[in-house]
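J.: Just so it is clear, I am handing over final_19.cif, which has mmCIF, N, CA and C atoms.
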data_data
loop_
_atom_site.label_atom_id
_atom_site.label_comp_id
_atom_site.auth_asym_id
_atom_site.auth_seq_id
_atom_site.Cartn_x
_atom_site.Cartn_y
_atom_site.Cartn_z
N MET U 1 4.51 73.27 -26.02
CA MET U 1 5.54 72.50 -26.71
C MET U 1 6.29 73.44 -27.64
N SER U 2 7.57 73.55 -27.41
CA SER U 2 8.34 74.48 -28.23
C SER U 2 8.71 73.86 -29.58
N GLN U 3 9.13 72.63 -29.59
CA GLN U 3 9.50 71.98 -30.83
C GLN U 3 8.58 70.79 -31.04
N VAL U 4 8.07 70.64 -32.25
CA VAL U 4 7.14 69.56 -32.57
C VAL U 4 7.85 68.52 -33.43
N PHE U 5 7.71 67.27 -33.01
CA PHE U 5 8.25 66.14 -33.75
C PHE U 5 7.07 65.45 -34.42
N ARG U 6 6.96 65.58 -35.74
CA ARG U 6 5.77 65.09 -36.46
C ARG U 6 6.11 63.91 -37.36
N TYR U 7 5.20 62.95 -37.33
CA TYR U 7 5.16 61.96 -38.39
C TYR U 7 3.71 61.77 -38.77
N SER U 8 3.48 61.32 -39.98
CA SER U 8 2.13 61.13 -40.49
C SER U 8 1.97 59.70 -40.98
N ILE U 9 0.74 59.22 -40.88
CA ILE U 9 0.42 57.89 -41.40
C ILE U 9 -0.74 57.99 -42.36
N ASP U 10 -0.73 57.12 -43.37
CA ASP U 10 -1.81 57.13 -44.35
C ASP U 10 -3.01 56.34 -43.83
N THR U 11 -3.99 56.14 -44.67
CA THR U 11 -5.23 55.47 -44.25
C THR U 11 -5.02 53.99 -43.94
N GLU U 12 -3.88 53.44 -44.32
CA GLU U 12 -3.56 52.04 -44.01
C GLU U 12 -2.51 51.93 -42.90
N ASN U 13 -2.31 53.03 -42.18
CA ASN U 13 -1.38 53.11 -41.05
C ASN U 13 0.08 52.88 -41.44
N ARG U 14 0.42 53.28 -42.66
CA ARG U 14 1.82 53.29 -43.09
C ARG U 14 2.37 54.69 -42.88
N VAL U 15 3.62 54.76 -42.43
CA VAL U 15 4.26 56.06 -42.24
C VAL U 15 4.41 56.73 -43.60
N SER U 16 3.81 57.92 -43.73
CA SER U 16 3.86 58.61 -45.02
C SER U 16 4.86 59.77 -45.02
N SER U 17 5.20 60.27 -43.83
CA SER U 17 6.20 61.33 -43.74
C SER U 17 6.71 61.44 -42.32
N VAL U 18 7.91 61.98 -42.19
CA VAL U 18 8.49 62.31 -40.89
C VAL U 18 9.15 63.67 -41.02
N SER U 19 9.02 64.49 -40.00
CA SER U 19 9.61 65.83 -40.05
C SER U 19 11.10 65.76 -39.77
N ASN U 20 11.80 66.79 -40.18
CA ASN U 20 13.23 66.87 -39.88
C ASN U 20 13.47 66.87 -38.38
N SER U 21 12.60 67.54 -37.63
CA SER U 21 12.78 67.57 -36.17
C SER U 21 12.59 66.17 -35.57
N TRP U 22 11.70 65.37 -36.14
CA TRP U 22 11.51 63.98 -35.68
C TRP U 22 12.78 63.18 -35.93
N LEU U 23 13.35 63.33 -37.11
CA LEU U 23 14.60 62.64 -37.44
C LEU U 23 15.74 63.08 -36.53
N ASP U 24 15.84 64.38 -36.29
CA ASP U 24 16.88 64.90 -35.40
C ASP U 24 16.74 64.35 -33.98
N PHE U 25 15.50 64.29 -33.48
CA PHE U 25 15.26 63.77 -32.13
C PHE U 25 15.67 62.29 -32.06
N ALA U 26 15.34 61.53 -33.09
CA ALA U 26 15.72 60.11 -33.13
C ALA U 26 17.24 59.97 -33.12
N LEU U 27 17.91 60.76 -33.91
CA LEU U 27 19.37 60.68 -34.00
C LEU U 27 20.04 61.06 -32.69
N VAL U 28 19.60 62.15 -32.07
CA VAL U 28 20.16 62.60 -30.80
C VAL U 28 19.98 61.52 -29.73
N ASN U 29 18.93 60.72 -29.86
CA ASN U 29 18.65 59.69 -28.87
C ASN U 29 19.16 58.31 -29.28
N GLY U 30 20.09 58.28 -30.24
CA GLY U 30 20.79 57.05 -30.58
C GLY U 30 20.07 56.12 -31.53
N ALA U 31 18.96 56.55 -32.10
CA ALA U 31 18.21 55.69 -33.03
C ALA U 31 18.69 55.94 -34.46
N THR U 32 19.90 55.51 -34.74
CA THR U 32 20.50 55.75 -36.06
C THR U 32 19.79 54.97 -37.16
N ASN U 33 18.98 53.98 -36.80
CA ASN U 33 18.25 53.20 -37.79
C ASN U 33 16.96 53.90 -38.24
N LEU U 34 16.64 55.03 -37.66
CA LEU U 34 15.41 55.74 -38.01
C LEU U 34 15.69 56.86 -39.01
N ARG U 35 16.17 56.47 -40.17
CA ARG U 35 16.36 57.43 -41.26
C ARG U 35 15.07 57.49 -42.07
N ARG U 36 14.84 58.63 -42.72
CA ARG U 36 13.60 58.82 -43.50
C ARG U 36 13.37 57.65 -44.46
N GLU U 37 14.39 57.25 -45.19
CA GLU U 37 14.21 56.18 -46.19
C GLU U 37 13.93 54.82 -45.56
N ASP U 38 14.26 54.66 -44.29
CA ASP U 38 14.01 53.39 -43.61
C ASP U 38 12.63 53.35 -42.95
N VAL U 39 12.03 54.51 -42.76
CA VAL U 39 10.77 54.59 -42.02
C VAL U 39 9.57 54.81 -42.94
N VAL U 40 9.67 55.77 -43.85
CA VAL U 40 8.54 56.10 -44.72
C VAL U 40 8.18 54.87 -45.58
N GLY U 41 6.89 54.56 -45.58
CA GLY U 41 6.38 53.41 -46.34
C GLY U 41 6.20 52.15 -45.50
N THR U 42 6.71 52.17 -44.27
CA THR U 42 6.57 51.01 -43.40
C THR U 42 5.31 51.15 -42.54
N SER U 43 4.87 50.04 -42.00
CA SER U 43 3.71 50.04 -41.12
C SER U 43 4.06 50.68 -39.78
N LEU U 44 3.16 51.50 -39.26
CA LEU U 44 3.35 52.08 -37.94
C LEU U 44 3.59 50.98 -36.92
N TRP U 45 2.91 49.86 -37.07
CA TRP U 45 2.98 48.77 -36.09
C TRP U 45 4.35 48.10 -36.06
N ASP U 46 5.15 48.27 -37.11
CA ASP U 46 6.52 47.73 -37.10
C ASP U 46 7.41 48.46 -36.10
N TRP U 47 7.01 49.64 -35.67
CA TRP U 47 7.85 50.49 -34.82
C TRP U 47 7.39 50.55 -33.38
N ILE U 48 6.33 49.83 -33.05
CA ILE U 48 5.81 49.82 -31.67
C ILE U 48 6.12 48.46 -31.07
N ALA U 49 6.91 48.47 -30.00
CA ALA U 49 7.49 47.24 -29.47
C ALA U 49 6.53 46.38 -28.65
N ASP U 50 5.60 46.99 -27.93
CA ASP U 50 4.79 46.17 -27.03
C ASP U 50 3.30 46.28 -27.36
N ASP U 51 2.56 45.23 -27.00
CA ASP U 51 1.14 45.14 -27.32
C ASP U 51 0.31 46.25 -26.67
N GLU U 52 0.65 46.61 -25.44
CA GLU U 52 -0.13 47.63 -24.74
C GLU U 52 -0.04 48.99 -25.44
N THR U 53 1.16 49.36 -25.85
CA THR U 53 1.33 50.64 -26.55
C THR U 53 0.64 50.59 -27.91
N ALA U 54 0.77 49.47 -28.61
CA ALA U 54 0.10 49.31 -29.90
C ALA U 54 -1.41 49.45 -29.75
N GLN U 55 -1.97 48.85 -28.72
CA GLN U 55 -3.41 48.94 -28.49
C GLN U 55 -3.83 50.37 -28.19
N LEU U 56 -3.04 51.07 -27.39
CA LEU U 56 -3.34 52.47 -27.08
C LEU U 56 -3.34 53.31 -28.37
N TYR U 57 -2.31 53.16 -29.18
CA TYR U 57 -2.24 53.92 -30.44
C TYR U 57 -3.41 53.56 -31.35
N CYS U 58 -3.73 52.29 -31.42
CA CYS U 58 -4.85 51.84 -32.26
C CYS U 58 -6.15 52.51 -31.81
N THR U 59 -6.38 52.55 -30.51
CA THR U 59 -7.58 53.18 -29.96
C THR U 59 -7.62 54.68 -30.27
N LEU U 60 -6.49 55.36 -30.05
CA LEU U 60 -6.43 56.80 -30.32
C LEU U 60 -6.68 57.10 -31.80
N ILE U 61 -6.00 56.36 -32.66
CA ILE U 61 -6.13 56.59 -34.10
C ILE U 61 -7.55 56.33 -34.57
N GLU U 62 -8.14 55.24 -34.11
CA GLU U 62 -9.51 54.91 -34.52
C GLU U 62 -10.50 55.97 -34.03
N ARG U 63 -10.32 56.44 -32.80
CA ARG U 63 -11.24 57.46 -32.28
C ARG U 63 -11.14 58.75 -33.09
N VAL U 64 -9.92 59.17 -33.42
CA VAL U 64 -9.76 60.40 -34.19
C VAL U 64 -10.32 60.22 -35.60
N ARG U 65 -10.09 59.06 -36.20
CA ARG U 65 -10.64 58.81 -37.54
C ARG U 65 -12.16 58.82 -37.51
N THR U 66 -12.76 58.27 -36.47
CA THR U 66 -14.21 58.17 -36.37
C THR U 66 -14.85 59.53 -36.08
N THR U 67 -14.28 60.28 -35.16
CA THR U 67 -14.90 61.55 -34.74
C THR U 67 -14.43 62.75 -35.54
N GLY U 68 -13.22 62.66 -36.11
CA GLY U 68 -12.64 63.81 -36.79
C GLY U 68 -12.06 64.84 -35.85
N ARG U 69 -12.14 64.58 -34.56
CA ARG U 69 -11.63 65.52 -33.56
C ARG U 69 -10.26 65.07 -33.05
N PRO U 70 -9.32 66.00 -32.92
CA PRO U 70 -7.99 65.64 -32.42
C PRO U 70 -8.05 65.22 -30.95
N ILE U 71 -7.06 64.44 -30.55
CA ILE U 71 -6.90 64.01 -29.16
C ILE U 71 -5.47 64.34 -28.75
N THR U 72 -5.32 64.84 -27.53
CA THR U 72 -4.01 65.12 -26.96
C THR U 72 -3.86 64.32 -25.68
N VAL U 73 -2.73 63.61 -25.57
CA VAL U 73 -2.47 62.80 -24.37
C VAL U 73 -1.04 63.04 -23.89
N PRO U 74 -0.86 63.04 -22.57
CA PRO U 74 0.50 63.13 -22.03
C PRO U 74 1.17 61.76 -22.07
N PHE U 75 2.49 61.76 -22.17
CA PHE U 75 3.24 60.51 -22.08
C PHE U 75 4.67 60.81 -21.66
N ARG U 76 5.40 59.76 -21.34
CA ARG U 76 6.81 59.90 -20.95
C ARG U 76 7.67 59.26 -22.03
N CYS U 77 8.82 59.87 -22.24
CA CYS U 77 9.81 59.34 -23.18
C CYS U 77 11.18 59.57 -22.54
N ASP U 78 11.52 58.70 -21.60
CA ASP U 78 12.73 58.89 -20.80
C ASP U 78 13.98 58.41 -21.52
N ALA U 79 15.08 58.99 -21.14
CA ALA U 79 16.41 58.58 -21.57
C ALA U 79 17.19 58.23 -20.31
N PRO U 80 18.36 57.62 -20.44
CA PRO U 80 19.10 57.22 -19.24
C PRO U 80 19.34 58.35 -18.24
N THR U 81 19.55 59.58 -18.71
CA THR U 81 19.89 60.66 -17.78
C THR U 81 18.82 61.75 -17.68
N VAL U 82 17.65 61.52 -18.26
CA VAL U 82 16.60 62.54 -18.22
C VAL U 82 15.21 61.90 -18.25
N ARG U 83 14.31 62.50 -17.48
CA ARG U 83 12.90 62.16 -17.55
C ARG U 83 12.27 63.18 -18.49
N ARG U 84 11.56 62.71 -19.51
CA ARG U 84 10.91 63.61 -20.44
C ARG U 84 9.40 63.47 -20.30
N PHE U 85 8.76 64.59 -20.01
CA PHE U 85 7.30 64.65 -19.97
C PHE U 85 6.88 65.27 -21.29
N MET U 86 6.10 64.51 -22.05
CA MET U 86 5.77 64.93 -23.40
C MET U 86 4.27 64.92 -23.61
N ARG U 87 3.87 65.45 -24.75
CA ARG U 87 2.47 65.47 -25.13
C ARG U 87 2.37 65.01 -26.58
N LEU U 88 1.39 64.15 -26.85
CA LEU U 88 1.12 63.65 -28.20
C LEU U 88 -0.24 64.17 -28.64
N ARG U 89 -0.28 64.75 -29.82
CA ARG U 89 -1.55 65.21 -30.41
C ARG U 89 -1.76 64.42 -31.69
N VAL U 90 -2.90 63.75 -31.76
CA VAL U 90 -3.27 62.96 -32.94
C VAL U 90 -4.42 63.68 -33.62
N SER U 91 -4.24 63.98 -34.91
CA SER U 91 -5.29 64.68 -35.67
C SER U 91 -5.38 64.07 -37.06
N VAL U 92 -6.49 64.33 -37.73
CA VAL U 92 -6.72 63.78 -39.06
C VAL U 92 -6.93 64.91 -40.06
N GLN U 93 -6.34 64.75 -41.24
CA GLN U 93 -6.54 65.69 -42.33
C GLN U 93 -7.79 65.28 -43.12
N GLU U 94 -8.25 66.15 -44.01
CA GLU U 94 -9.44 65.84 -44.82
C GLU U 94 -9.24 64.59 -45.69
N ASN U 95 -8.01 64.32 -46.10
CA ASN U 95 -7.74 63.17 -46.97
C ASN U 95 -7.54 61.88 -46.18
N GLY U 96 -7.72 61.91 -44.85
CA GLY U 96 -7.60 60.72 -44.03
C GLY U 96 -6.21 60.47 -43.47
N VAL U 97 -5.23 61.27 -43.89
CA VAL U 97 -3.88 61.15 -43.33
C VAL U 97 -3.92 61.62 -41.88
N MET U 98 -3.26 60.85 -41.01
CA MET U 98 -3.21 61.19 -39.59
C MET U 98 -1.87 61.84 -39.29
N ASP U 99 -1.90 62.94 -38.54
CA ASP U 99 -0.68 63.59 -38.07
C ASP U 99 -0.50 63.27 -36.60
N LEU U 100 0.68 62.82 -36.23
CA LEU U 100 1.02 62.54 -34.84
C LEU U 100 2.15 63.48 -34.45
N ASP U 101 1.79 64.48 -33.65
CA ASP U 101 2.73 65.52 -33.24
C ASP U 101 3.05 65.33 -31.77
N SER U 102 4.32 65.26 -31.46
CA SER U 102 4.72 65.17 -30.05
C SER U 102 5.72 66.28 -29.77
N GLY U 103 5.79 66.62 -28.50
CA GLY U 103 6.72 67.66 -28.08
C GLY U 103 7.02 67.52 -26.60
N ILE U 104 8.15 68.04 -26.23
CA ILE U 104 8.58 67.97 -24.84
C ILE U 104 7.92 69.10 -24.06
N VAL U 105 7.24 68.74 -22.99
CA VAL U 105 6.62 69.71 -22.09
C VAL U 105 7.65 70.17 -21.07
N ARG U 106 8.37 69.21 -20.48
CA ARG U 106 9.45 69.54 -19.55
C ARG U 106 10.37 68.34 -19.41
N GLU U 107 11.58 68.61 -18.93
CA GLU U 107 12.58 67.57 -18.70
C GLU U 107 13.13 67.72 -17.29
N GLU U 108 13.49 66.58 -16.71
CA GLU U 108 14.13 66.56 -15.40
C GLU U 108 15.40 65.72 -15.50
N LYS U 109 16.53 66.31 -15.16
CA LYS U 109 17.79 65.56 -15.14
C LYS U 109 17.78 64.56 -13.99
N ARG U 110 18.51 63.46 -14.17
CA ARG U 110 18.63 62.46 -13.11
C ARG U 110 19.92 61.68 -13.32
N GLU U 111 20.29 60.91 -12.30
CA GLU U 111 21.45 60.03 -12.45
C GLU U 111 21.13 59.01 -13.52
N SER U 112 22.15 58.58 -14.22
CA SER U 112 21.97 57.63 -15.31
C SER U 112 21.32 56.34 -14.81
N GLN U 113 20.35 55.90 -15.57
CA GLN U 113 19.63 54.66 -15.26
C GLN U 113 20.08 53.59 -16.26
N ARG U 114 20.83 52.62 -15.80
CA ARG U 114 21.37 51.59 -16.70
C ARG U 114 20.28 50.85 -17.46
N LEU U 115 19.13 50.67 -16.84
CA LEU U 115 18.03 49.96 -17.49
C LEU U 115 17.62 50.63 -18.80
N LEU U 116 17.79 51.95 -18.90
CA LEU U 116 17.35 52.70 -20.09
C LEU U 116 18.46 52.91 -21.11
N GLU U 117 19.67 52.44 -20.80
CA GLU U 117 20.77 52.59 -21.75
C GLU U 117 20.58 51.63 -22.92
N PRO U 118 20.93 52.08 -24.13
CA PRO U 118 20.78 51.21 -25.30
C PRO U 118 21.64 49.95 -25.16
N THR U 119 21.12 48.85 -25.66
CA THR U 119 21.88 47.62 -25.66
C THR U 119 22.69 47.53 -26.94
N GLN U 120 23.82 46.88 -26.84
CA GLN U 120 24.70 46.76 -28.01
C GLN U 120 24.45 45.49 -28.76
#
Re-express the file's structure as structure tokens.

T.:
Amino acid sequence: MSQVFRYSIDTENRVSSVSNSWLDFALVNGATNLRREDVVGTSLWDWIADDETAQLYCTLIERVRTTGRPITVPFRCDAPTVRRFMRLRVSVQENGVMDLDSGIVREEKRESQRLLEPTQ
């Protein structure tokens, strides 16, 4: 992963920080509502749209908190004209803060997919 997009959550799963690269990635991808002041202090669960993804994150976070060992998982983060193969690394600091680092492993261009275009 060449560039890391990091956000951290506190022991109550509130977003405690977001990196500049995370903010830049959100902006480039049309998420203008994801400004630092709008995200920091909110619950992680406010930003996860579906139950399956929330359950996966809950499981990963709980396992890392329990074992103290980081976990890395592959995932996709597609845009209308690109397939993004990414990797998420979840780790815990000594103070219980969790770091969630993601990065692009590779991208594949494709014809625009209307289903993935932002709705107005």

J.: Using all atoms listed in the file, which of U:Val97, U:Val40, U:Val73, U:Val92 sits nearest Asp10 in chain U?

T.: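 Looking only at the distances to Asp10 in chain U, the closest residue turns out to be U:Val97.
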
J.: Let me make sure I understand: among U:Arg14, U:Arg76, U:Arg106, U:Arg69, which one has the smallest atom-to-atom distance to Leu88 in chain U if we use only C-alpha atoms?

T.: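 Distance minimum relative to Leu88 in chain U lands on U:Arg76.
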
J.: Need to verify the contact set: Leu60 in chain U, 7 Å, all atoms listed in the file, exclusion of same-chain residues closer than 5 positions in sequence. Can you return it as a PyMOL selection string?

T.: chain U and resi 55+65+90

J.: Can you list every residue in chain U that DSSP puts in helix (DSSP H, G or I), as an mmCIF file with N, CA and C atoms, in the frame of the given file?

T.:
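Written output follows (part11.cif):
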data_model
loop_
_atom_site.group_PDB
_atom_site.id
_atom_site.type_symbol
_atom_site.label_atom_id
_atom_site.label_comp_id
_atom_site.auth_asym_id
_atom_site.auth_seq_id
_atom_site.Cartn_x
_atom_site.Cartn_y
_atom_site.Cartn_z
ATOM 1 N N ASN U 20 11.800 66.790 -40.180
ATOM 2 C CA ASN U 20 13.230 66.870 -39.880
ATOM 3 C C ASN U 20 13.470 66.870 -38.380
ATOM 4 N N SER U 21 12.600 67.540 -37.630
ATOM 5 C CA SER U 21 12.780 67.570 -36.170
ATOM 6 C C SER U 21 12.590 66.170 -35.570
ATOM 7 N N TRP U 22 11.700 65.370 -36.140
ATOM 8 C CA TRP U 22 11.510 63.980 -35.680
ATOM 9 C C TRP U 22 12.780 63.180 -35.930
ATOM 10 N N LEU U 23 13.350 63.330 -37.110
ATOM 11 C CA LEU U 23 14.600 62.640 -37.440
ATOM 12 C C LEU U 23 15.740 63.080 -36.530
ATOM 13 N N ASP U 24 15.840 64.380 -36.290
ATOM 14 C CA ASP U 24 16.880 64.900 -35.400
ATOM 15 C C ASP U 24 16.740 64.350 -33.980
ATOM 16 N N PHE U 25 15.500 64.290 -33.480
ATOM 17 C CA PHE U 25 15.260 63.770 -32.130
ATOM 18 C C PHE U 25 15.670 62.290 -32.060
ATOM 19 N N ALA U 26 15.340 61.530 -33.090
ATOM 20 C CA ALA U 26 15.720 60.110 -33.130
ATOM 21 C C ALA U 26 17.240 59.970 -33.120
ATOM 22 N N LEU U 27 17.910 60.760 -33.910
ATOM 23 C CA LEU U 27 19.370 60.680 -34.000
ATOM 24 C C LEU U 27 20.040 61.060 -32.690
ATOM 25 N N VAL U 28 19.600 62.150 -32.070
ATOM 26 C CA VAL U 28 20.160 62.600 -30.800
ATOM 27 C C VAL U 28 19.980 61.520 -29.730
ATOM 28 N N ARG U 36 14.840 58.630 -42.720
ATOM 29 C CA ARG U 36 13.600 58.820 -43.500
ATOM 30 C C ARG U 36 13.370 57.650 -44.460
ATOM 31 N N GLU U 37 14.390 57.250 -45.190
ATOM 32 C CA GLU U 37 14.210 56.180 -46.190
ATOM 33 C C GLU U 37 13.930 54.820 -45.560
ATOM 34 N N ASP U 38 14.260 54.660 -44.290
ATOM 35 C CA ASP U 38 14.010 53.390 -43.610
ATOM 36 C C ASP U 38 12.630 53.350 -42.950
ATOM 37 N N VAL U 39 12.030 54.510 -42.760
ATOM 38 C CA VAL U 39 10.770 54.590 -42.020
ATOM 39 C C VAL U 39 9.570 54.810 -42.940
ATOM 40 N N LEU U 44 3.160 51.500 -39.260
ATOM 41 C CA LEU U 44 3.350 52.080 -37.940
ATOM 42 C C LEU U 44 3.590 50.980 -36.920
ATOM 43 N N TRP U 45 2.910 49.860 -37.070
ATOM 44 C CA TRP U 45 2.980 48.770 -36.090
ATOM 45 C C TRP U 45 4.350 48.100 -36.060
ATOM 46 N N ASP U 46 5.150 48.270 -37.110
ATOM 47 C CA ASP U 46 6.520 47.730 -37.100
ATOM 48 C C ASP U 46 7.410 48.460 -36.100
ATOM 49 N N TRP U 47 7.010 49.640 -35.670
ATOM 50 C CA TRP U 47 7.850 50.490 -34.820
ATOM 51 C C TRP U 47 7.390 50.550 -33.380
ATOM 52 N N ASP U 51 2.560 45.230 -27.000
ATOM 53 C CA ASP U 51 1.140 45.140 -27.320
ATOM 54 C C ASP U 51 0.310 46.250 -26.670
ATOM 55 N N GLU U 52 0.650 46.610 -25.440
ATOM 56 C CA GLU U 52 -0.130 47.630 -24.740
ATOM 57 C C GLU U 52 -0.040 48.990 -25.440
ATOM 58 N N THR U 53 1.160 49.360 -25.850
ATOM 59 C CA THR U 53 1.330 50.640 -26.550
ATOM 60 C C THR U 53 0.640 50.590 -27.910
ATOM 61 N N ALA U 54 0.770 49.470 -28.610
ATOM 62 C CA ALA U 54 0.100 49.310 -29.900
ATOM 63 C C ALA U 54 -1.410 49.450 -29.750
ATOM 64 N N GLN U 55 -1.970 48.850 -28.720
ATOM 65 C CA GLN U 55 -3.410 48.940 -28.490
ATOM 66 C C GLN U 55 -3.830 50.370 -28.190
ATOM 67 N N LEU U 56 -3.040 51.070 -27.390
ATOM 68 C CA LEU U 56 -3.340 52.470 -27.080
ATOM 69 C C LEU U 56 -3.340 53.310 -28.370
ATOM 70 N N TYR U 57 -2.310 53.160 -29.180
ATOM 71 C CA TYR U 57 -2.240 53.920 -30.440
ATOM 72 C C TYR U 57 -3.410 53.560 -31.350
ATOM 73 N N CYS U 58 -3.730 52.290 -31.420
ATOM 74 C CA CYS U 58 -4.850 51.840 -32.260
ATOM 75 C C CYS U 58 -6.150 52.510 -31.810
ATOM 76 N N THR U 59 -6.380 52.550 -30.510
ATOM 77 C CA THR U 59 -7.580 53.180 -29.960
ATOM 78 C C THR U 59 -7.620 54.680 -30.270
ATOM 79 N N LEU U 60 -6.490 55.360 -30.050
ATOM 80 C CA LEU U 60 -6.430 56.800 -30.320
ATOM 81 C C LEU U 60 -6.680 57.100 -31.800
ATOM 82 N N ILE U 61 -6.000 56.360 -32.660
ATOM 83 C CA ILE U 61 -6.130 56.590 -34.100
ATOM 84 C C ILE U 61 -7.550 56.330 -34.570
ATOM 85 N N GLU U 62 -8.140 55.240 -34.110
ATOM 86 C CA GLU U 62 -9.510 54.910 -34.520
ATOM 87 C C GLU U 62 -10.500 55.970 -34.030
ATOM 88 N N ARG U 63 -10.320 56.440 -32.800
ATOM 89 C CA ARG U 63 -11.240 57.460 -32.280
ATOM 90 C C ARG U 63 -11.140 58.750 -33.090
ATOM 91 N N VAL U 64 -9.920 59.170 -33.420
ATOM 92 C CA VAL U 64 -9.760 60.400 -34.190
ATOM 93 C C VAL U 64 -10.320 60.220 -35.600
ATOM 94 N N ARG U 65 -10.090 59.060 -36.200
ATOM 95 C CA ARG U 65 -10.640 58.810 -37.540
ATOM 96 C C ARG U 65 -12.160 58.820 -37.510
ATOM 97 N N THR U 66 -12.760 58.270 -36.470
ATOM 98 C CA THR U 66 -14.210 58.170 -36.370
ATOM 99 C C THR U 66 -14.850 59.530 -36.080
ATOM 100 N N THR U 67 -14.280 60.280 -35.160
ATOM 101 C CA THR U 67 -14.900 61.550 -34.740
ATOM 102 C C THR U 67 -14.430 62.750 -35.540
ATOM 103 N N ARG U 114 20.830 52.620 -15.800
ATOM 104 C CA ARG U 114 21.370 51.590 -16.700
ATOM 105 C C ARG U 114 20.280 50.850 -17.460
ATOM 106 N N LEU U 115 19.130 50.670 -16.840
ATOM 107 C CA LEU U 115 18.030 49.960 -17.490
ATOM 108 C C LEU U 115 17.620 50.630 -18.800
ATOM 109 N N LEU U 116 17.790 51.950 -18.900
ATOM 110 C CA LEU U 116 17.350 52.700 -20.090
ATOM 111 C C LEU U 116 18.460 52.910 -21.110
#

J.: Closest to Met86 in chain U among U:Val64, U:Val105, U:Leu27, U:Val18, using all atoms listed in the file?

T.: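 Using all atoms listed in the file, Met86 in chain U sits closest to U:Val105.
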
J.: Hey, can you check how far atom C of Ile104 in chain U sits from CA of Ala79 in chain U?

T.: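 Straight-line distance from atom C of Ile104 in chain U to CA of Ala79 in chain U works out to 13.7 Å.
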
J.: Given the choices U:Glu111, U:Asp51, U:Asp101, U:Asp38, which gets closest to Pro70 in chain U if the distance is worked out from only C-alpha atoms?

T.: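 For Pro70 in chain U, the nearest of the candidates is U:Asp101.
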
J.: Rounded to one decimal, what separation in Å do you get between CA of Ser16 in chain U and CA of Tyr57 in chain U?

T.: 16.5 Å

J.: Residues picked by the PyMOL selection byres (((chain U and resi 5 and name CA) around 7) and name CA) here, as a ChimeraX atom specification?

T.: /U:3-4,6-7,19,21-22,101-103
